[in-house]
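The next block is data-v3.tsv, given as TSV, C-alpha atoms.
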```tsv
chain	number	residue	atom	x	y	z
A	1194	MET	CA	2.18	16.03	34.23
A	1195	LYS	CA	4.56	14.48	31.72
A	1196	GLN	CA	3.58	12.97	28.44
A	1197	HIS	CA	3.07	9.20	28.58
A	1198	ARG	CA	3.91	6.95	25.67
A	1199	SER	CA	3.81	3.16	25.46
A	1200	ALA	CA	4.25	0.41	22.88
A	1201	LYS	CA	2.92	-3.10	23.24
A	1202	PRO	CA	5.20	-6.00	22.42
A	1203	GLY	CA	4.08	-8.35	19.69
A	1204	PHE	CA	3.85	-8.60	15.95
A	1205	ALA	CA	3.04	-5.88	13.49
A	1206	PRO	CA	-0.61	-4.77	13.77
A	1207	VAL	CA	0.76	-1.32	14.51
A	1208	VAL	CA	1.91	-1.00	10.91
A	1209	LEU	CA	-1.50	-1.48	9.32
A	1210	ILE	CA	-1.90	2.22	8.67
A	1211	ALA	CA	0.84	1.85	6.10
A	1212	ALA	CA	-1.22	-0.61	4.17
A	1213	ILE	CA	-4.30	1.56	3.94
A	1214	GLY	CA	-3.28	5.20	3.83
A	1215	PHE	CA	-5.96	7.75	4.61
A	1216	THR	CA	-9.15	6.18	3.25
A	1217	THR	CA	-11.34	3.35	4.48
A	1218	SER	CA	-14.03	1.30	2.78
A	1219	ALA	CA	-17.66	0.97	3.83
A	1220	SER	CA	-17.08	-2.73	4.44
A	1221	ALA	CA	-14.70	-1.80	7.25
A	1222	GLN	CA	-17.45	-0.22	9.31
A	1223	VAL	CA	-18.70	-2.17	12.32
A	1224	VAL	CA	-21.69	-0.99	14.33
A	1225	VAL	CA	-23.02	-1.51	17.85
A	1226	ASP	CA	-26.64	-2.05	18.85
A	1227	GLN	CA	-28.88	1.02	19.03
A	1228	THR	CA	-29.12	0.94	22.83
A	1229	THR	CA	-25.34	1.11	23.21
A	1230	ARG	CA	-25.06	3.88	20.64
A	1231	GLN	CA	-27.70	5.91	22.48
A	1232	GLN	CA	-25.80	5.45	25.74
A	1233	ILE	CA	-22.61	6.66	24.08
A	1234	GLU	CA	-24.42	9.68	22.63
A	1235	ASN	CA	-25.77	10.45	26.11
A	1236	LEU	CA	-22.23	10.31	27.51
A	1237	THR	CA	-21.06	12.68	24.76
A	1238	ALA	CA	-23.96	15.04	25.46
A	1239	ALA	CA	-23.06	15.08	29.17
A	1240	LEU	CA	-19.44	15.91	28.35
A	1241	VAL	CA	-20.39	18.72	25.97
A	1242	GLY	CA	-22.97	20.08	28.39
A	1243	ASP	CA	-20.42	20.30	31.19
A	1244	LEU	CA	-17.91	21.82	28.75
A	1245	ASN	CA	-20.34	24.58	27.79
A	1246	SER	CA	-21.12	25.18	31.47
A	1247	GLN	CA	-17.36	25.42	32.07
A	1248	ASP	CA	-17.70	22.65	34.63
A	1249	ALA	CA	-14.23	21.12	34.50
A	1250	ALA	CA	-15.01	18.64	37.27
A	1251	GLY	CA	-18.12	17.51	35.40
A	1252	VAL	CA	-16.18	16.88	32.19
A	1253	ALA	CA	-13.47	15.03	34.11
A	1254	ASN	CA	-16.14	12.85	35.70
A	1255	THR	CA	-17.04	11.44	32.28
A	1256	PHE	CA	-13.60	9.74	32.36
A	1257	THR	CA	-12.50	6.70	34.33
A	1258	PRO	CA	-10.28	7.53	37.33
A	1259	ASP	CA	-7.21	6.56	35.29
A	1260	GLY	CA	-8.55	8.11	32.07
A	1261	VAL	CA	-6.24	9.74	29.55
A	1262	MET	CA	-6.79	12.86	27.44
A	1263	VAL	CA	-4.47	13.61	24.50
A	1264	VAL	CA	-5.01	17.03	22.92
A	1265	PRO	CA	-3.23	19.36	20.49
A	1266	ALA	CA	-1.18	22.07	22.19
A	1267	PRO	CA	1.48	24.65	21.30
A	1268	ALA	CA	5.06	23.42	21.26
A	1269	GLY	CA	6.53	23.03	24.70
A	1270	GLN	CA	3.22	22.57	26.50
A	1271	GLU	CA	1.64	19.42	27.86
A	1272	MET	CA	-0.41	17.32	25.47
A	1273	THR	CA	-1.20	14.23	27.54
A	1274	TYR	CA	-3.18	14.33	30.78
A	1275	VAL	CA	-3.53	11.21	32.91
A	1276	GLY	CA	-6.17	10.88	35.61
A	1277	THR	CA	-9.26	12.96	36.31
A	1278	GLN	CA	-7.39	15.52	38.41
A	1279	ALA	CA	-4.96	16.33	35.58
A	1280	ILE	CA	-7.81	16.40	33.05
A	1281	GLN	CA	-9.79	18.79	35.26
A	1282	GLN	CA	-6.83	21.14	35.61
A	1283	HIS	CA	-6.26	21.13	31.84
A	1284	LEU	CA	-9.90	22.04	31.24
A	1285	GLN	CA	-9.76	24.88	33.74
A	1286	ASP	CA	-6.74	26.27	31.86
A	1287	SER	CA	-8.59	25.87	28.55
A	1288	PHE	CA	-11.55	27.86	29.85
A	1289	LYS	CA	-9.15	30.67	30.77
A	1290	SER	CA	-7.92	30.74	27.15
A	1291	GLY	CA	-11.37	31.87	26.00
A	1292	ILE	CA	-13.04	28.64	24.83
A	1293	THR	CA	-16.67	28.95	25.95
A	1294	ASN	CA	-18.70	26.74	23.64
A	1295	GLY	CA	-18.40	23.31	22.07
A	1296	ARG	CA	-20.44	20.79	20.18
A	1297	ALA	CA	-19.75	17.23	19.10
A	1298	THR	CA	-21.36	14.74	16.73
A	1299	VAL	CA	-20.96	10.98	17.12
A	1300	GLU	CA	-20.03	9.63	13.70
A	1301	GLN	CA	-19.33	5.94	14.38
A	1302	VAL	CA	-19.29	3.54	17.33
A	1303	TRP	CA	-17.34	0.30	16.96
A	1304	PRO	CA	-17.25	-2.63	19.43
A	1305	PHE	CA	-13.88	-4.27	19.88
A	1306	GLU	CA	-13.98	-6.10	23.23
A	1307	THR	CA	-16.61	-6.96	25.83
A	1308	ASP	CA	-17.96	-3.74	27.35
A	1309	LYS	CA	-15.57	-1.59	25.28
A	1310	VAL	CA	-16.21	0.54	22.20
A	1311	ILE	CA	-14.27	2.93	19.99
A	1312	VAL	CA	-16.12	6.15	19.22
A	1313	PHE	CA	-15.36	8.57	16.38
A	1314	LEU	CA	-16.67	12.13	16.73
A	1315	ALA	CA	-16.43	15.51	15.00
A	1316	TYR	CA	-16.19	18.59	17.21
A	1317	HIS	CA	-16.27	22.37	17.04
A	1318	LEU	CA	-14.90	24.73	19.71
A	1319	SER	CA	-15.51	28.47	19.82
A	1320	GLY	CA	-15.02	31.45	22.06
A	1321	GLN	CA	-13.07	34.69	22.32
A	1322	GLY	CA	-9.32	34.63	22.85
A	1323	GLN	CA	-6.85	37.42	23.50
A	1324	SER	CA	-5.95	37.52	19.78
A	1325	GLY	CA	-9.50	37.32	18.48
A	1326	PRO	CA	-12.33	34.83	17.93
A	1327	ILE	CA	-11.66	31.13	18.48
A	1328	ASN	CA	-13.13	28.70	15.94
A	1329	ILE	CA	-11.65	25.23	15.87
A	1330	ASP	CA	-12.94	22.20	13.99
A	1331	GLY	CA	-11.53	18.76	14.58
A	1332	HIS	CA	-12.10	15.10	15.31
A	1333	TRP	CA	-11.64	13.08	18.42
A	1334	THR	CA	-11.56	9.36	19.06
A	1335	THR	CA	-12.44	7.76	22.39
A	1336	VAL	CA	-12.18	4.34	23.94
A	1337	ASP	CA	-15.21	3.99	26.21
A	1338	VAL	CA	-15.67	1.27	28.82
A	1339	ARG	CA	-18.79	0.06	30.61
A	1340	GLY	CA	-18.59	-0.39	34.37
A	1341	VAL	CA	-20.25	-3.02	36.52
A	1342	ASP	CA	-23.13	-0.59	37.15
A	1343	GLY	CA	-23.78	-0.40	33.40
A	1344	SER	CA	-22.60	3.21	33.01
A	1345	TRP	CA	-20.10	4.24	30.33
A	1346	LYS	CA	-16.91	6.19	30.97
A	1347	ILE	CA	-14.11	7.43	28.70
A	1348	ARG	CA	-10.83	5.56	29.13
A	1349	LEU	CA	-8.91	7.42	26.42
A	1350	LEU	CA	-9.70	10.53	24.37
A	1351	THR	CA	-7.46	11.64	21.52
A	1352	ALA	CA	-8.30	14.94	19.80
A	1353	LEU	CA	-6.88	16.31	16.56
A	1354	HIS	CA	-7.67	19.69	15.03
A	1355	ASP	CA	-8.57	19.54	11.34
A	1356	PRO	CA	-5.75	20.82	9.10
A	1357	PRO	CA	-6.15	24.12	7.22
A	1358	PRO	CA	-7.49	24.03	3.65
A	1359	PRO	CA	-4.86	22.81	1.18
A	1360	THR	CA	-3.19	24.96	-1.45
A	1361	ALA	CA	-3.80	24.19	-5.14
A	1362	ALA	CA	-0.62	22.08	-5.26
A	1363	GLN	CA	-1.59	20.24	-2.11
A	1364	ALA	CA	-5.11	19.64	-3.40
A	1365	ALA	CA	-3.76	18.03	-6.58
A	1366	ALA	CA	-1.38	15.85	-4.58
A	1367	VAL	CA	-4.14	14.87	-2.16
A	1368	GLN	CA	-6.33	13.74	-5.07
A	1369	GLU	CA	-3.54	11.62	-6.48
A	1370	MET	CA	-2.76	10.15	-3.06
A	1371	SER	CA	-6.44	9.37	-2.52
A	1372	ALA	CA	-6.62	7.42	-5.77
A	1373	ILE	CA	-3.46	5.51	-4.88
A	1374	ASN	CA	-4.72	4.66	-1.40
A	1375	GLN	CA	-8.09	3.48	-2.71
A	1376	ARG	CA	-6.27	1.04	-4.96
A	1377	ARG	CA	-4.02	-0.04	-2.11
A	1378	ASN	CA	-7.03	-0.59	0.12
A	1379	VAL	CA	-8.31	-3.20	-2.29
A	1380	ALA	CA	-4.94	-4.97	-2.28
A	1381	PHE	CA	-4.84	-4.83	1.49
A	1382	GLU	CA	-8.34	-6.28	1.91
A	1383	LYS	CA	-7.43	-9.09	-0.48
A	1384	GLY	CA	-4.13	-9.73	1.32
A	1385	ASP	CA	-2.22	-9.13	-1.92
A	1386	ALA	CA	1.31	-8.32	-0.75
A	1387	ASP	CA	2.63	-7.93	-4.31
A	1388	ALA	CA	0.07	-5.28	-5.23
A	1389	TYR	CA	0.52	-3.52	-1.92
A	1390	ALA	CA	4.33	-3.41	-2.15
A	1391	ALA	CA	4.21	-2.10	-5.72
A	1392	ASP	CA	3.98	1.51	-4.47
A	1393	PHE	CA	7.26	1.34	-2.57
A	1394	ALA	CA	10.45	2.44	-4.33
A	1395	ASP	CA	13.00	-0.31	-4.90
A	1396	ASN	CA	15.26	1.17	-2.20
A	1397	ALA	CA	12.46	2.25	0.16
A	1398	VAL	CA	12.85	2.08	3.95
A	1399	TYR	CA	10.02	1.00	6.23
A	1400	THR	CA	10.18	1.41	10.03
A	1401	SER	CA	7.75	-0.37	12.36
A	1402	SER	CA	7.43	0.61	16.00
A	1403	LEU	CA	7.71	-3.06	16.99
A	1404	GLU	CA	10.69	-4.07	14.88
A	1405	PRO	CA	14.21	-3.59	16.27
A	1406	TYR	CA	15.60	-2.57	12.87
A	1407	ARG	CA	14.27	-0.81	9.81
A	1408	ILE	CA	13.20	-2.88	6.81
A	1409	GLU	CA	15.08	-1.93	3.64
A	1410	GLY	CA	14.07	-2.58	0.06
A	1411	LYS	CA	10.79	-3.37	-1.68
A	1412	ALA	CA	11.35	-7.15	-1.59
A	1413	ALA	CA	11.86	-7.22	2.18
A	1414	ILE	CA	8.87	-4.93	2.74
A	1415	LYS	CA	6.69	-7.19	0.60
A	1416	ASP	CA	7.76	-10.23	2.65
A	1417	PHE	CA	6.96	-8.36	5.85
A	1418	PHE	CA	3.42	-7.62	4.75
A	1419	ALA	CA	2.92	-11.09	3.32
A	1420	THR	CA	3.51	-12.38	6.86
A	1421	LEU	CA	1.17	-9.73	8.23
A	1422	PHE	CA	-1.63	-10.74	5.87
A	1423	GLU	CA	-1.10	-14.38	6.80
A	1424	THR	CA	-1.29	-13.60	10.52
A	1425	PHE	CA	-4.42	-11.45	10.62
A	1426	ALA	CA	-7.64	-12.59	8.99
A	1427	THR	CA	-9.20	-9.10	8.78
A	1428	ARG	CA	-7.83	-5.57	9.13
A	1429	HIS	CA	-9.78	-2.32	9.35
A	1430	ILE	CA	-8.56	1.23	9.88
A	1431	ALA	CA	-10.12	4.60	10.76
A	1432	PRO	CA	-7.69	7.39	9.80
A	1433	ARG	CA	-7.78	10.74	11.59
A	1434	GLY	CA	-6.05	14.08	11.18
A	1435	GLY	CA	-4.17	13.40	7.94
A	1436	SER	CA	-2.08	16.21	6.47
A	1437	THR	CA	-0.22	16.59	3.18
A	1438	ARG	CA	2.70	18.92	2.49
A	1439	VAL	CA	4.19	19.42	-0.98
A	1440	TYR	CA	7.84	20.28	-1.72
A	1441	ALA	CA	10.40	20.52	-4.52
A	1442	ASN	CA	8.16	21.81	-7.31
A	1443	ASP	CA	5.39	19.35	-6.44
A	1444	THR	CA	7.64	16.27	-6.69
A	1445	VAL	CA	7.93	15.39	-2.99
A	1446	VAL	CA	5.01	14.84	-0.61
A	1447	ALA	CA	5.04	14.31	3.15
A	1448	ASN	CA	1.96	12.65	4.63
A	1449	ASP	CA	1.32	12.64	8.38
A	1450	GLY	CA	-1.64	11.17	10.17
A	1451	SER	CA	-3.06	9.12	13.02
A	1452	ALA	CA	-5.41	6.18	12.98
A	1453	VAL	CA	-7.31	3.67	15.07
A	1454	ILE	CA	-6.84	0.15	13.74
A	1455	ASN	CA	-9.11	-2.84	14.41
A	1456	TYR	CA	-7.75	-6.25	13.50
A	1457	THR	CA	-8.78	-9.87	13.98
A	1458	ASP	CA	-6.42	-12.83	14.12
A	1459	LYS	CA	-7.09	-16.36	12.92
A	1460	ASN	CA	-8.62	-17.32	16.26
A	1461	GLY	CA	-11.18	-14.52	16.07
A	1462	ASN	CA	-9.48	-12.34	18.71
A	1463	HIS	CA	-10.17	-8.62	18.23
A	1464	SER	CA	-7.84	-5.78	19.17
A	1465	ALA	CA	-7.53	-2.06	18.55
A	1466	ILE	CA	-4.41	0.09	18.42
A	1467	PHE	CA	-3.68	3.77	17.96
A	1468	THR	CA	-0.96	4.81	15.52
A	1469	ARG	CA	0.71	7.84	14.04
A	1470	SER	CA	2.63	7.76	10.76
A	1471	THR	CA	4.86	9.77	8.47
A	1472	THR	CA	5.23	8.80	4.80
A	1473	ILE	CA	7.50	10.39	2.20
A	1474	TRP	CA	6.49	10.11	-1.45
A	1475	VAL	CA	8.64	11.07	-4.44
A	1476	LYS	CA	7.35	11.46	-7.98
A	1477	MET	CA	9.53	9.28	-10.22
A	1478	GLY	CA	8.61	9.95	-13.82
A	1479	ASN	CA	4.82	9.88	-13.78
A	1480	GLU	CA	4.47	7.66	-10.70
A	1481	TRP	CA	4.40	8.40	-6.97
A	1482	LYS	CA	6.61	6.06	-4.96
A	1483	MET	CA	7.02	5.73	-1.20
A	1484	VAL	CA	10.67	6.14	-0.24
A	1485	ASP	CA	10.32	6.19	3.53
A	1486	GLN	CA	7.58	5.36	6.01
A	1487	HIS	CA	7.67	5.42	9.80
A	1488	ILE	CA	4.92	4.08	12.06
A	1489	SER	CA	4.65	4.47	15.83
A	1490	GLN	CA	2.05	3.46	18.38
A	1491	PHE	CA	0.54	5.48	21.22
A	1492	LYS	CA	-2.08	4.61	23.77
```
Would it be possible to restate this file's structure as structure tokens?
Amino acid sequence: MKQHRSAKPGFAPVVLIAAIGFTTSASAQVVVDQTTRQQIENLTAALVGDLNSQDAAGVANTFTPDGVMVVPAPAGQEMTYVGTQAIQQHLQDSFKSGITNGRATVEQVWPFETDKVIVFLAYHLSGQGQSGPINIDGHWTTVDVRGVDGSWKIRLLTALHDPPPPTAAQAAAVQEMSAINQRRNVAFEKGDADAYAADFADNAVYTSSLEPYRIEGKAAIKDFFATLFETFATRHIAPRGGSTRVYANDTVVANDGSAVINYTDKNGNHSAIFTRSTTIWVKMGNEWKMVDQHISQFK
């Protein structure tokens, strides 16, 4: 089974991760009714129960027939599995690797269309592999859909293992980045393109998955986001799997991450997209500046 990637045509909601970074405010959280949440938790419990019973067919049955599972894997191996048959085969292979136990906690459930929700969960996998004990913590995000019979199924599951603990240099950089992103979140929620663009270097390059050419220079990037803010009335993001790497005597930082983005246009239409991003920061004097950022979409 080959990896599947797609990008929807249209304007720039895919780039919203750039505007937020890796934090999100409490005001961005949307909740479903308690009955729906309980149904989603029951679906999660069924999946985990079948996983712990090593019932690959049972786990696959929690997906729609055309469901998609995206999971971390060693280089050169498959990461995307489409359809219940492919998902079942992947799970059978995973059981052979020594994973025997899992647990998952539903953290948030967001509605975004009729009979569709986005679910954010934390998970832990354990077992005994050929090289020793297996202990993996991570987060997964699902898009769940409700069928005509009222039952919920998973349409898309994306899993990311949590990164290893940061070094001292990484921890310091992460703290600085967190403070910057909190400030940028405020500018983003206000639709303040000037404040948002202030963290780009004058000669920064920004690449959107939906633009044919890269956007060069702070002024052009600011204009791009001014149009974005004008187009979408509200924008909310749920980052997942962010990592920070520090180079050049703690003066260069590479940020990678994925996110699920909810946005609403002026007509009240809601959508959700899945993105991955890479951002390069350089410390210029006493300030961190973005010199390059690349956003892509997957679904």
So, counting all atoms listed in the file, which residue among A:Ala1391, A:Val1225, A:Val1379, A:Val1484 is closest to A:Glu1409?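 Ranking A:Ala1391, A:Val1225, A:Val1379, A:Val1484 by distance to A:Glu1409, first place goes to A:Val1484.
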Given the choices A:Thr1468, A:Asn1462, A:Asn1254, A:Gln1490, which gets closest to A:Phe1305 if the distance is worked out from all atoms listed in the file? A:Asn1462
Which one of A:Thr1351, A:Asn1396, A:His1429, A:Val1367 sits closest to A:Phe1381 if you count only C-alpha atoms?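 Closest to A:Phe1381 of all the choices is A:His1429.
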When you look at A:Asp1395 with a cut-off of 10 Å (counting all atoms listed in the file), what residues show up, excluding the ones that are within fewer than 5 positions of it in the same chain? I need them as a list of chain:residue names.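 The neighbour list is A:Ala1390, A:Glu1409, A:Gly1410, A:Lys1411, A:Ala1412, A:Ala1413, A:Ile1414, A:Lys1482, A:Met1483, A:Val1484.
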Need the neighbours of (10.2, 18.0, -5.0): which residues are at most 12 Å away, counting only C-alpha atoms, as a count of residues only? 18
Residue among A:Thr1420, A:Gln1375, A:Gln1323, A:Thr1437 lying closest to A:Pro1357, counting only C-alpha atoms: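 Between A:Thr1420, A:Gln1375, A:Gln1323, A:Thr1437, the residue approaching A:Pro1357 most closely is A:Thr1437.
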Å distance separating atom CA of A:Pro1304 from atom CA of A:Glu1234, one decimal place: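 Interatomic distance here is 14.6 Å.
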Please provide as a VMD selection string all residues within 6 Å of A:Asp1337, with the sequence filter that same-chain residues fewer than 5 positions apart are discarded (counting all atoms listed in the file). chain A and resid 1309 to 1310 1346 to 1348
Okay, now the selection with C-alpha atoms, as a short mmCIF file (atom, residue, chain, number, x, y, z; two decimals), keeping the file's coordinate frame?
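Writing the result to result35.cif gives the following:
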```
data_model
loop_
_atom_site.label_atom_id
_atom_site.label_comp_id
_atom_site.auth_asym_id
_atom_site.auth_seq_id
_atom_site.Cartn_x
_atom_site.Cartn_y
_atom_site.Cartn_z
CA LYS A 1309 -15.57 -1.59 25.28
CA VAL A 1310 -16.21 0.54 22.20
CA LYS A 1346 -16.91 6.19 30.97
CA ILE A 1347 -14.11 7.43 28.70
CA ARG A 1348 -10.83 5.56 29.13
#
```
